[in-house]
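Inspection log for the structure reproduced underneath, given as structure tokens.
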Amino acid sequence: MKKFFVYFILAGCFAMVTNIGEAQTKRTVKKRTTAKRTTNTKTKVSIKPTKDTVAIVAPPKVDSLPFAVVKKSLRSNDAIERNLVKDRIPLPYEHLREDDAVYREKVWREIDIREKMNLPFRYSADDDNGNQRFISILFKAIQDGQDNGGVTVFDAVDDRFTTPLTVSKVAEKISGGTVDVPIYDSLGVVVGTKHVTAEVNLDSFYKFRIKEEVIFDKESSRLFWRILGIAPVKNVITSAGVNLGETELFWVYYPDMRPIFAKFEVYNGKNFGARMSWEELFESRMFYGRIIKSTLDNPYDRFLSEYGGLKDNKILQLLEGETIKDRIFNYEQNLWSY
């Protein structure tokens, strides 16, 4: 009797364990089934296409100028210690009183760096302070200067430095903005568009314009040339292929750039031990730029290319610019008596 009672209890326990296991199995299967259905439902919703919808990628934020980032040498790249160029500062201008300025004229020049005298502007070697092209030095100075609040760039709507520009606006002017490029799938169907910024070739900047003022000071009896601004010029072609001609991209105020130009050396292919800084090159007038505009005998404030009879003749424009230069030179010479 006791054995029968023990067998009965064991059978009951075994039945209870079996029922619990079957219940857990059913719950697990149910959960897996539910998860599987949920996954299938989400997948169907995410891949459901809309025929009339085209994806548009947001345009990238352009806030840097196109100059090459040059790595610094981990060892000295020169056989001597070169600390003078790092400590150079421009000499202050001599003060000119308004009462002593008996002659004042503004002159605009165009520098073509493809000419032999202006070839140092195209020197493209790399140094620890960056690429040595003049346009690279200018872009780097603008980028670093605006980050530190030192250099201000002005819009080319006029040459009187009235409208400041941000780095992003300058970069947009240099590259010409962004172009919408369609995105195709494997079947050749347009599925979206993306904004692409055109690549900028630094060698395409081969012309610069400078605005300067010539002053004859009666106290020192000499002629002073003071550069006021520098503007890079580029031949602008729109995305539609329309050639807009050569236009000024922006202006920088030259007195703001003098401390920066003083720390960059100019390439000298004849004497490597007597290199001058870019600030010394401009102050010493060691460049050639043809005159394209002057306030001398110009009541309508026009460029030489806009004069009647000179518009389509580059040779006559060059000769007229040389005539203006001779007039300024002869004014100083005629004041002397021997």
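Labels used: A, B, ... for chains in the order of the structure tokens, numbers from 1 for residues in each chain, and numbers from 1 for ligands as shown.
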Find the nearest atom pair between each residue of segment 94-187 of chain A and segment 241-258 of chain A for residues within 12 Å, count only C-alpha atoms, give distances in Å to one decimal, sort rows by chain and ascending number, and present the table as a Markdown table.
```
| residue | atom | partner | partner_atom | distance |
| --- | --- | --- | --- | --- |
| A:Glu110 | CA | A:Glu248 | CA | 10.8 |
| A:Ile137 | CA | A:Met257 | CA | 10.5 |
| A:Leu138 | CA | A:Met257 | CA | 8.7 |
| A:Phe139 | CA | A:Val252 | CA | 10.7 |
| A:Lys140 | CA | A:Met257 | CA | 11.4 |
| A:Ala141 | CA | A:Met257 | CA | 7.9 |
| A:Ile142 | CA | A:Val252 | CA | 8.7 |
| A:Asp144 | CA | A:Met257 | CA | 11.9 |
| A:Gly145 | CA | A:Met257 | CA | 9.4 |
| A:Gln146 | CA | A:Asp256 | CA | 11.7 |
| A:Gly149 | CA | A:Asp256 | CA | 11.4 |
| A:Gly150 | CA | A:Asp256 | CA | 7.9 |
| A:Val151 | CA | A:Asp256 | CA | 6.4 |
| A:Thr152 | CA | A:Val252 | CA | 6.8 |
| A:Val153 | CA | A:Val252 | CA | 5.2 |
| A:Phe154 | CA | A:Trp251 | CA | 5.1 |
| A:Asp155 | CA | A:Phe250 | CA | 5.0 |
| A:Ala156 | CA | A:Phe250 | CA | 4.7 |
| A:Val157 | CA | A:Phe250 | CA | 8.4 |
| A:Asp158 | CA | A:Trp251 | CA | 8.8 |
| A:Asp159 | CA | A:Trp251 | CA | 6.9 |
| A:Arg160 | CA | A:Trp251 | CA | 8.9 |
| A:Phe161 | CA | A:Trp251 | CA | 7.1 |
| A:Thr162 | CA | A:Trp251 | CA | 10.0 |
| A:Thr163 | CA | A:Trp251 | CA | 9.8 |
| A:Pro164 | CA | A:Trp251 | CA | 9.4 |
| A:Leu165 | CA | A:Phe250 | CA | 8.6 |
| A:Thr166 | CA | A:Phe250 | CA | 11.1 |
| A:Val167 | CA | A:Phe250 | CA | 11.3 |
| A:Lys169 | CA | A:Phe250 | CA | 10.0 |
| A:Val170 | CA | A:Phe250 | CA | 7.5 |
| A:Ala171 | CA | A:Leu249 | CA | 10.0 |
| A:Glu172 | CA | A:Leu249 | CA | 10.0 |
| A:Lys173 | CA | A:Leu249 | CA | 6.4 |
| A:Ile174 | CA | A:Leu249 | CA | 6.9 |
| A:Ser175 | CA | A:Leu249 | CA | 10.3 |
| A:Gly176 | CA | A:Leu249 | CA | 10.1 |
```
### Task
Find the spatial neighbours of Glu98 of chain A, counting only C-alpha atoms, within a cut-off of 12 Å - ignore same-chain residues fewer than 4 positions away - and output them as JSON, numbers by chain.
{"A": [102, 103, 104, 215, 216, 217, 218, 219]}
### Message
Which residues are near Ser305 of chain A? Cut-off 10 Å, only C-alpha atoms, ignore same chain within fewer than 4 positions. Put them as a PyMOL selection string.
### Response
chain A and resi 292-293+309-314+316-318
### Task
For Tyr123 of chain A, please output as an MDAnalysis selection string all residues within 7 Å (counting only C-alpha atoms; exclusion window: fewer than 6 positions along the same chain).
chainID A and resid 132:133 267
Saved selection, atoms kept: N, CA and C atoms, as an mmCIF file, in the first residue's frame:
```cif
data_model
loop_
_atom_site.group_PDB
_atom_site.id
_atom_site.type_symbol
_atom_site.label_atom_id
_atom_site.label_comp_id
_atom_site.auth_asym_id
_atom_site.auth_seq_id
_atom_site.Cartn_x
_atom_site.Cartn_y
_atom_site.Cartn_z
ATOM 1 N N GLN A 132 53.881 78.113 -51.740
ATOM 2 C CA GLN A 132 54.474 79.427 -51.970
ATOM 3 C C GLN A 132 53.853 80.190 -53.136
ATOM 4 N N ARG A 133 52.796 79.667 -53.757
ATOM 5 C CA ARG A 133 52.076 80.477 -54.731
ATOM 6 C C ARG A 133 51.506 81.715 -54.036
ATOM 7 N N TYR A 267 60.336 84.053 -54.233
ATOM 8 C CA TYR A 267 61.302 83.226 -54.950
ATOM 9 C C TYR A 267 62.252 84.104 -55.765
#
```
### Query
Which of segment 261-297 of chain A counts as strand (DSSP E or B) under DSSP, as a list in words please?
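DSSP on the backbone gives strand (DSSP E or B) at Glu265, Ser277, Arg290, Ile291, Ile292, Lys293 and Ser294 of chain A.
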Selection from above, C-alpha atoms, as a compact mmCIF listing (two decimals), in the first residue's frame, can you write it?
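out35.txt, written as the output of this step:
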```txt
# COMPACT_ATOMS: atom_id res chain seq x y z
CA GLU A 265 59.67 85.06 -48.90
CA SER A 277 59.54 89.25 -48.50
CA ARG A 290 49.79 97.65 -66.79
CA ILE A 291 47.51 100.58 -65.98
CA ILE A 292 43.84 99.83 -66.71
CA LYS A 293 42.24 102.84 -65.03
CA SER A 294 43.21 106.20 -63.59
```
### Task
Using DSSP on the backbone, list every residue of segment 59-207 of chain A that comes out as helix (DSSP H, G or I), and give them as a PyMOL selection string.
chain A and resi 84-87+98-100+116-122+134-147+167-175+202-204
### Query
Could you name the residues that touch Phe261 of chain A at 6 Å or less, counting only C-alpha atoms, but leaving out those on the same chain fewer than 3 positions away, as a VMD selection string?
chain A and resid 258 264 278 to 279
### Query
Separation of atom CA of Val214 of chain A and atom CA of Asp297 of chain A, in Å?
14.9 Å
Residue neighbourhood segment 65-82 of chain A, 8 Å, only C-alpha atoms, exclusion window fewer than 3 positions, as a compact mmCIF listing (two decimals) with N, CA and C atoms, in the first residue's frame:
```
# COMPACT_ATOMS: atom_id res chain seq x y z
N VAL A 85 62.81 85.37 -40.82
CA VAL A 85 61.57 85.52 -41.56
C VAL A 85 60.34 85.42 -40.64
N LYS A 86 60.48 84.68 -39.54
CA LYS A 86 59.36 84.55 -38.61
C LYS A 86 59.15 85.83 -37.79
N ASP A 126 56.55 73.89 -51.90
CA ASP A 126 55.99 73.84 -50.55
C ASP A 126 57.07 74.12 -49.53
N ASP A 127 56.68 74.82 -48.48
CA ASP A 127 57.57 75.10 -47.36
C ASP A 127 56.79 74.86 -46.08
N ASP A 128 57.47 75.01 -44.93
CA ASP A 128 56.79 74.75 -43.67
C ASP A 128 55.61 75.68 -43.42
N ASN A 129 55.65 76.87 -44.01
CA ASN A 129 54.53 77.81 -43.83
C ASN A 129 53.48 77.68 -44.93
N GLY A 130 53.59 76.62 -45.76
CA GLY A 130 52.56 76.36 -46.75
C GLY A 130 53.08 76.45 -48.17
N ASN A 131 52.15 76.37 -49.12
CA ASN A 131 52.50 76.50 -50.54
C ASN A 131 52.90 77.94 -50.83
N SER A 136 47.95 81.09 -53.01
CA SER A 136 47.85 80.24 -51.82
C SER A 136 48.14 81.03 -50.56
N PHE A 139 45.03 83.12 -49.90
CA PHE A 139 43.93 82.33 -49.34
C PHE A 139 44.21 81.91 -47.90
N LYS A 140 45.44 81.49 -47.63
CA LYS A 140 45.80 81.07 -46.28
C LYS A 140 45.70 82.24 -45.30
N GLN A 143 42.00 82.80 -44.63
CA GLN A 143 41.43 81.75 -43.78
C GLN A 143 41.89 81.91 -42.33
N VAL A 167 34.07 83.79 -44.84
CA VAL A 167 34.90 82.81 -45.54
C VAL A 167 34.03 81.95 -46.46
N VAL A 170 33.35 83.84 -49.62
CA VAL A 170 34.54 83.90 -50.45
C VAL A 170 34.76 82.57 -51.17
N ALA A 171 34.58 81.46 -50.43
CA ALA A 171 34.73 80.14 -51.04
C ALA A 171 33.70 79.91 -52.14
N VAL A 200 38.70 73.55 -57.71
CA VAL A 200 39.37 74.81 -58.05
C VAL A 200 40.84 74.53 -58.34
N LEU A 202 44.38 76.17 -58.63
CA LEU A 202 45.03 77.40 -58.20
C LEU A 202 45.80 78.08 -59.33
```
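Our summary of the geometry notes that atom CA of Ile210 of chain A is positioned 7.8 Å from atom CA of Ile111 of chain A.
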At a cut-off of 10 Å, can you tabulate as CSV every residue of segment 97-194 of chain A near segment 280-289 of chain A together with its closest atom pair and the distance in Å to one decimal, using only C-alpha atoms and ordering rows by chain then number?
```
residue,atom,partner,partner_atom,distance
A:Trp108,CA,A:Gly289,CA,9.0
A:Arg109,CA,A:Gly289,CA,5.3
A:Glu110,CA,A:Gly289,CA,5.0
A:Ile111,CA,A:Gly289,CA,4.3
A:Asp112,CA,A:Gly289,CA,7.0
A:Ile113,CA,A:Tyr288,CA,8.9
A:Glu115,CA,A:Tyr288,CA,8.4
A:Lys116,CA,A:Tyr288,CA,9.3
A:Met117,CA,A:Phe287,CA,6.2
A:Asn118,CA,A:Phe287,CA,5.8
A:Leu119,CA,A:Phe287,CA,9.3
A:Pro120,CA,A:Phe287,CA,9.3
A:Phe121,CA,A:Phe287,CA,9.5
```
### Message
Rounded to one decimal, what separation in Å do you get between atom CA of Ala101 of chain A and atom CA of Asp326 of chain A?
### Response
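Taking atom CA of Ala101 of chain A as the start and atom CA of Asp326 of chain A as the end point, the length is 19.7 Å.
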### Message
Show me, as an MDAnalysis selection string, the residues that have an atom within 12 Å of Asn298 of chain A when counting only C-alpha atoms, minus same-chain residues fewer than 3 positions from it.
### Response
chainID A and resid 105:107 292:295 301:304 306:307 324
